[in-house]
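A short worksheet on the structure shown next.
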Amino acid sequence: MNCREKLKFARRIVIKVGTSTLTHNNNFNLNLYRIEHLIREIADLHNAGKEIIFVTSGAIAAGIGKMNLKNKPENIPENQALAAIGQGVLMHIYEKFFAEYGLTMGQILLTKDNATNEHARENSKNSLMALLQMGAIPVINENDAVAVDEIKIGDNDNLSAIVAVMIDAEVLIILTDIDGLYNKNPKVSGDAKILHEVKKIDDAVEKMAGGAGTKLGTGGMFTKIQAAKLTTQNNIPTVIVSGKEIENLRRVLNGEEIGTIFSA
């Protein structure tokens, strides 16, 4: 049985969704159609007996949209204020959609201290496990509203990897704005080819990753490679796949060859 086929039997799954998947192209407005369909897919996986942990980006973008701003501010306090506003917007939408499918969600905000401090990490794990045992969906984001550089993880790709390792997940799925890892930048090279499987993350693989993919997100392919490096070192396969087509989530868990899998 290859690494793709094993995904059919994964029970504890971390799903990370990026800002570009949650918003409309080239603006800060939330894509409610895509969000609703994503929540429906997660709810159906839950109904099939899966344990789903949902790591979400998008708080700052949601705040920008709520305040009708045209651009993302440059300074930290304004971004933190927008994260505080947008976090409430996002959670209200998630709670509404999960409730429509008969599910309860619980929000958890994490910082680097929750990952590096042994006592804090154990408490975070216990909270997550309690939510799963209650049949709730943990919805996780970094605490951007108060976090400073000393306690920030910095991006939700690495946050999702930390969470996956913390709770012994069986797979991490990162939904993003690109189909997977390419051997060169597909936006500038017409002959770029997607790598459907990466068995080892070495210098050559890391060099394939560039900077941030969109003006909205804080991460890019490089942070996703970092996340996959952490998870695969802990025997957790990671899949990077486009979140623009929400059915891709189900296709990944059906073992189809889409996106890029970093085998454990």
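Chain labels run A, B, ... following the order of the structure tokens; each chain numbers its residues from 1, and ligands are numbered from 1 in the order shown.
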Can you list, as a PDB file with N, CA and C atoms, in the first residue's frame, every protein, DNA or RNA residue that comes within 10 Å of Arg34 (chain A) when you count only C-alpha atoms, leaving out same-chain residues fewer than 5 positions away?
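File written: result.pdb
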ATOM      1  N   THR A  21      -7.666  31.040  -0.149  1.00  0.00           N
ATOM      2  CA  THR A  21      -8.797  30.136  -0.358  1.00  0.00           C
ATOM      3  C   THR A  21     -10.076  30.717   0.226  1.00  0.00           C
ATOM      4  N   LEU A  22      -9.955  31.501   1.278  1.00  0.00           N
ATOM      5  CA  LEU A  22     -11.127  32.033   1.976  1.00  0.00           C
ATOM      6  C   LEU A  22     -11.659  33.322   1.376  1.00  0.00           C
ATOM      7  N   THR A  23     -10.887  33.980   0.510  1.00  0.00           N
ATOM      8  CA  THR A  23     -11.280  35.278  -0.029  1.00  0.00           C
ATOM      9  C   THR A  23     -11.438  35.214  -1.537  1.00  0.00           C
ATOM     10  N   HIS A  24     -12.143  36.208  -2.069  1.00  0.00           N
ATOM     11  CA  HIS A  24     -12.248  36.341  -3.519  1.00  0.00           C
ATOM     12  C   HIS A  24     -10.917  36.824  -4.082  1.00  0.00           C
ATOM     13  N   ILE A  39     -16.861  23.950   4.771  1.00  0.00           N
ATOM     14  CA  ILE A  39     -17.429  23.502   6.048  1.00  0.00           C
ATOM     15  C   ILE A  39     -18.304  22.272   5.834  1.00  0.00           C
ATOM     16  N   ARG A  40     -19.039  22.240   4.734  1.00  0.00           N
ATOM     17  CA  ARG A  40     -19.877  21.067   4.448  1.00  0.00           C
ATOM     18  C   ARG A  40     -19.016  19.819   4.255  1.00  0.00           C
ATOM     19  N   GLY A 243      -7.046  24.760  -2.801  1.00  0.00           N
ATOM     20  CA  GLY A 243      -8.300  24.863  -2.068  1.00  0.00           C
ATOM     21  C   GLY A 243      -9.392  25.530  -2.873  1.00  0.00           C
ATOM     22  N   LYS A 244      -9.079  25.918  -4.110  1.00  0.00           N
ATOM     23  CA  LYS A 244     -10.086  26.592  -4.932  1.00  0.00           C
ATOM     24  C   LYS A 244     -11.213  25.631  -5.319  1.00  0.00           C
ATOM     25  N   GLU A 245     -10.879  24.346  -5.454  1.00  0.00           N
ATOM     26  CA  GLU A 245     -11.894  23.320  -5.702  1.00  0.00           C
ATOM     27  C   GLU A 245     -12.024  22.505  -4.417  1.00  0.00           C
ATOM     28  N   ILE A 246     -13.079  22.752  -3.668  1.00  0.00           N
ATOM     29  CA  ILE A 246     -13.209  22.172  -2.329  1.00  0.00           C
ATOM     30  C   ILE A 246     -13.286  20.647  -2.368  1.00  0.00           C
TER      31      ILE A 246
END
Closest-contact table, region 34-106 of chain A side, partner region 173-189 of chain A, 10 Å, counting only C-alpha atoms, as CSV:
residue,atom,partner,partner_atom,distance
A:Phe54,CA,A:Ile173,CA,9.9
A:Val55,CA,A:Ile174,CA,9.2
A:Thr56,CA,A:Leu175,CA,10.0
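Those residues of region 59-176 of chain A that DSSP, working from the backbone, places in strand (DSSP E or B) are Met105, Gly106, Gln107, Ile108, Leu109, Leu110, Ile137, Pro138, Val139, Ile140, Asn141, Glu142, Val171, Leu172, Ile173, Ile174, Leu175 and Thr176 of chain A.
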- Item | Nearest-residue call for Met221 (chain A), choices A:Gly88, A:Asp157, A:Gln233, A:Asp168, using only C-alpha atoms | A:Asp157
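Proximity to Ile85 (chain A) at 12 Å, evaluated using only C-alpha atoms and with sequence-adjacent residues fewer than 2 positions away removed, yields Gly58, Ala59, Ile60, Ala61, Ala62, Gly63, Ile64, Gly65, Lys66, Met67, Glu78, Asn79, Gln80, Ala81, Leu82, Ala83, Gln87, Gly88, Val89, Leu90, Met91, His92, Asp144 and Ala145 of chain A.
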- Task: Choose the residue, out of A:Ile35, A:Val14, A:Ile258, A:Leu69, that has the smallest atom-to-atom separation from Glu95 (chain A); count only C-alpha atoms.
- Result: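 Of the candidates, the smallest distance to Glu95 (chain A) is held by A:Ile35.
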- Running DSSP on the backbone, which parts of region 2-236 of chain A land in helix (DSSP H, G or I), as a ChimeraX atom specification? /A:3-9,19-22,32-47,59-66,76-100,112-116,118-133,156-166,203-207,221-233
- Which residue, A:Lys112, A:Lys224, A:His196, A:His46, has the smallest gap to Cys3 (chain A) when you use only C-alpha atoms?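 Ranked by minimum distance to Cys3 (chain A), first place goes to A:His196.
Of the listed residues (A:Glu247, A:Glu41, A:Glu257, A:Asp113), A:Glu257 comes nearest to Leu195 (chain A); the distances count only C-alpha atoms.
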- Query: Can you tell me, as JSON, numbers by chain, what residues are no more than 12 Å from Ala228 (chain A) when counting only C-alpha atoms, ignoring any on the same chain fewer than 6 positions away?
  - Reply: {"A": [157, 158, 159, 160, 161, 162, 164, 165, 171, 172, 173, 174, 181, 198, 199, 200, 201, 202, 205, 206, 221, 222, 234, 235, 236, 237, 238, 239, 240, 260, 261, 262, 263, 264]}
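In this structure, CA of Gly86 (chain A) sits 21.1 Å away from CA of Gly220 (chain A).
Of the listed residues A:Glu256, A:Glu36, A:Asp191, A:Glu170, the one whose atoms come nearest to Ile53 (chain A) is A:Glu170, with distances taken using only C-alpha atoms.
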